[in-house]
There are 2 protein chains.
Amino acid sequence: MKEIFPGSPGQAAAGRGAPPAPAALAAKVRTLAPSMTRSMQRVAEAVAGDPAGCAALTVTGLAELTGTSEATVVRTARLLGYPGYRDLRLALAGLAAQQQSGRAPSVTADIAVDDPIADVVAKLAYDEQQTLADTAAGLDTVQLGAAVAALAAARRIDVYGIGASGLVAQDLVQKLLRIGLIAHAPSDPHLAVTNAVQLRAKDVAIAITHSGSTGDVIEPLRVAFEHGATTVAVTGRPDGPVTQYADHVLTTSTARESELRPAAMSSRTSQLLVVDCLFVGVAQRTYETAAPALSASYEALAHRHHPRGTKR
Amino acid sequence: MKEIFPGSPGQAAAGRGAPPAPAALAAKVRTLAPSMTRSMQRVAEAVAGDPAGCAALTVTGLAELTGTSEATVVRTARLLGYPGYRDLRLALAGLAAQQQSGRAPSVTADIAVDDPIADVVAKLAYDEQQTLADTAAGLDTVQLGAAVAALAAARRIDVYGIGASGLVAQDLVQKLLRIGLIAHAPSDPHLAVTNAVQLRAKDVAIAITHSGSTGDVIEPLRVAFEHGATTVAVTGRPDGPVTQYADHVLTTSTARESELRPAAMSSRTSQLLVVDCLFVGVAQRTYETAAPALSASYEALAHRHHPRGTKR
DNA sequence: CACCCTATGAAAGATATTTTCCGTTCGGAC
DNA sequence: GTCCGAACGGAAAATATCTTTCATAGGGTG
């Protein structure tokens, strides 16, 4: 398998980016699992399921355990972002130590139909916290920085998203508008394409899609890409079709889902974090203009509130 | 050097006894230091001083670093109770991971204009996690339960919100629609009032406002209230004007804000958690109809995605 | 049905670790 | 001062482990 040039579009971006990856390994496994082959999935599963146990094994041992070959184990390690098995093993040892010492993996249970409401609150909060941690750990700061730079210098910004992701897109636009940037989040797919046609170099288009394969979102991004705009994809599938047309890929984390906890919920949390990071990054870069713009919009809204904010 | 039987007296017993040794490595080094030769002490010192750094080195590397030979490194590892250097290294990696995870509260500081992008990510994630924990802790499950019950029995549901809260309102509506309920989130304040007039007993109106004093949101809630609908307020100010017209008040948490981190960010996180709880609660109560409705909407959207979700 | 292309494992090749073995040094005894 | 013994330390051989290469089998496509 040949090494692919860094910067080349498409699947090269998949495992790359995160340096060695710290501790959010389970999340990474979940994110990358779909792009793995069957054998590699077996290995990844074993690793995510029992870090401590796997850390005690040699390549050969792990290969036998999973019924595969050494080569496959090494390939899996590579995909997860490590230079080789040796390093994966070290990371695994670290993970195991953390798990054992620190936190309780107790509340991991799924939400059941008959859970009392208090449990629902606790579980949802816990899961979303987990999602945030995973996302933060897995976010490629280089890509993020590049996206921020592009945004800060953009003449005009389009954000595409549909359904739940559409709300995230609008959230980002609302924020960008507040710091004086020109941003749109067309919700009509046809309008989105129409908008995209207007983009040129120095403009930025952002596509937000959990699945990475939402046609209505990919299409405008493609158009923007072909018109020379800088394109960014915020997706949970770093190997999905959407990344074909993305200069920068920001990966959101994928949490396990269940019937009562649709994937949309955690992907939204993850997407919002990414979007917040983009916003703050841009605000930093354009601080001179962003700060006054922010307070101006603040004041403009003040009188929309009742004279007495408080009863007492 | 011959292997000595376990249990034999003398220096062999030194490192033995403790299984592989967990984390109190520094202590062990100190204890055993006297029984070490000069070269071994240098190695032990390096290991105790910088576990993370040493974990990254091979035997040869560590030998060079300490100006000794591989053999000495291995001997030291043995003395510390490990079968060989490989295992010491794994323990070291674990130790390093633990140490690192320990110092989490360092990011508590506010986001500064010149923070590197990685810090921004960490701080935002941390803050949002905090917000979630606060919200979950402060949420009144009785009020929540009452609101859920009202929603589950509602003929029709209106959700009012404006600006950032408007997106939360839409998020809730999107979800409720998916489980077969009839819900609207009018974004135009006039339309909202027009909608509210149509509500009657058994209907539910939800107002989402962080400040608790957004006129455009209070007004429709008041109308709904006066028409006999059950009203719910999701607000960060449990004493704000909005609660006058609310049968049930759900309090969101208010995080400290700063210039680069507007309140809208954490209030949104908080509101979303509340809204998710409402949704899951309702889904539980109406499971019989909710479950099929959910999967139906799932399937209906499937073909909106590109045929190849994955490249391979 | 022929084709290509990917995934996979066996085995060769490269590294890292462990062991062996021998020269060196240091302390004490004469 | 010099001789002896025992422990120390390192070079290099031996082994284990990891990585790469390559041939093959399987699955989908035209």
# chains A, B, ... in the order shown; residues from 1 in each chain; ligands from 1
$ interface_residues --of "chain A" --to "chain B" --cutoff "7 Å" --atoms "only C-alpha atoms" --output "number ranges by chain"
A: 35, 90, 93-95, 97-98, 113, 117-118, 120-122, 125, 129, 132-133, 136, 141, 145, 164, 167, 171, 213-215, 239-240, 260, 273, 277, 280-281, 284, 304-306, 309-311
$ interface_residues --of "chain A" --to "chain D" --cutoff "8 Å" --atoms "only C-alpha atoms (C1' of nucleotides)" --output "list of chain:residue names"
A:Thr58, A:Val59, A:Val74, A:Tyr85, A:Arg86
$ atom_distance --atom1 "CA of Ala63 in chain B" --atom2 "C1' of DT15 in chain C"
15.9 Å
$ interface_residues --of "chain C" --to "chain B" --cutoff "10 Å" --atoms "only C-alpha atoms (C1' of nucleotides)" --output "PyMOL selection string"
chain C and resi 6+16-20
$ calpha_fit_rmsd --fixed "chain A" --moving "chain B"
20.2 Å
$ select_by_dssp --residues "range 5-175 of chain B" --states "strand (DSSP E)" --output "list in words"
Ile157, Asp158, Val159, Tyr160 and Gly161 of chain B
$ select_by_dssp --residues "range 103-253 of chain A" --states "helix (DSSP H, G or I)" --output "number ranges by chain"
A: 106-108, 117-138, 141-152, 164-178, 189-197, 215-226, 241-245
$ residues_around --residues "Ile208 in chain B" --least-positions-apart "6" --cutoff "9 Å" --atoms "only C-alpha atoms (C1' of nucleotides)" --output "list in words"
Val159, Tyr160, Gly161, Ile162, Ser165, Gly166, Val168, Ala169, Val217, Val232, Ala233, Val234, Thr235 and Gln271 of chain B
$ write_last_selection --atoms "N, CA and C atoms" --output "compact mmCIF listing (two decimals), in the first residue's frame"
# COMPACT_ATOMS: atom_id res chain seq x y z
N VAL B 159 -43.72 25.82 20.32
CA VAL B 159 -42.47 26.14 21.01
C VAL B 159 -42.01 27.51 20.54
N TYR B 160 -41.82 28.41 21.48
CA TYR B 160 -41.42 29.77 21.14
C TYR B 160 -39.98 30.02 21.55
N GLY B 161 -39.25 30.63 20.66
CA GLY B 161 -37.87 30.97 20.95
C GLY B 161 -37.37 31.89 19.87
N ILE B 162 -36.41 32.72 20.22
CA ILE B 162 -35.93 33.70 19.24
C ILE B 162 -34.41 33.76 19.32
N SER B 165 -32.05 30.87 21.02
CA SER B 165 -33.07 30.01 21.61
C SER B 165 -34.06 29.52 20.56
N GLY B 166 -34.19 30.28 19.49
CA GLY B 166 -35.08 29.85 18.41
C GLY B 166 -34.59 28.56 17.80
N VAL B 168 -32.94 26.25 19.35
CA VAL B 168 -33.26 25.19 20.30
C VAL B 168 -34.73 24.79 20.15
N ALA B 169 -35.58 25.81 20.00
CA ALA B 169 -37.00 25.54 19.81
C ALA B 169 -37.21 24.66 18.58
N VAL B 217 -41.04 36.45 23.13
CA VAL B 217 -41.30 35.07 23.51
C VAL B 217 -42.35 35.00 24.62
N VAL B 232 -44.99 25.95 29.62
CA VAL B 232 -43.71 25.57 30.19
C VAL B 232 -42.69 26.64 29.83
N ALA B 233 -41.88 27.03 30.79
CA ALA B 233 -40.80 27.98 30.51
C ALA B 233 -39.46 27.31 30.72
N VAL B 234 -38.59 27.43 29.72
CA VAL B 234 -37.22 26.94 29.85
C VAL B 234 -36.35 28.18 29.91
N THR B 235 -35.87 28.52 31.07
CA THR B 235 -35.19 29.80 31.22
C THR B 235 -34.05 29.73 32.23
N GLN B 271 -29.85 24.61 27.42
CA GLN B 271 -31.21 24.49 26.90
C GLN B 271 -31.38 23.19 26.11
$ residues_around --residues "Ala293 in chain B" --least-positions-apart "3" --cutoff "6 Å" --atoms "only C-alpha atoms (C1' of nucleotides)" --output "mmCIF file with C-alpha atoms, in the first residue's frame"
data_model
loop_
_atom_site.group_PDB
_atom_site.id
_atom_site.type_symbol
_atom_site.label_atom_id
_atom_site.label_comp_id
_atom_site.auth_asym_id
_atom_site.auth_seq_id
_atom_site.Cartn_x
_atom_site.Cartn_y
_atom_site.Cartn_z
ATOM 1 C CA ILE B 179 -42.198 10.695 17.064
ATOM 2 C CA GLY B 180 -45.493 11.645 15.534
ATOM 3 C CA ALA B 290 -42.967 6.808 19.105
ATOM 4 C CA ALA B 296 -40.274 5.378 9.776
#
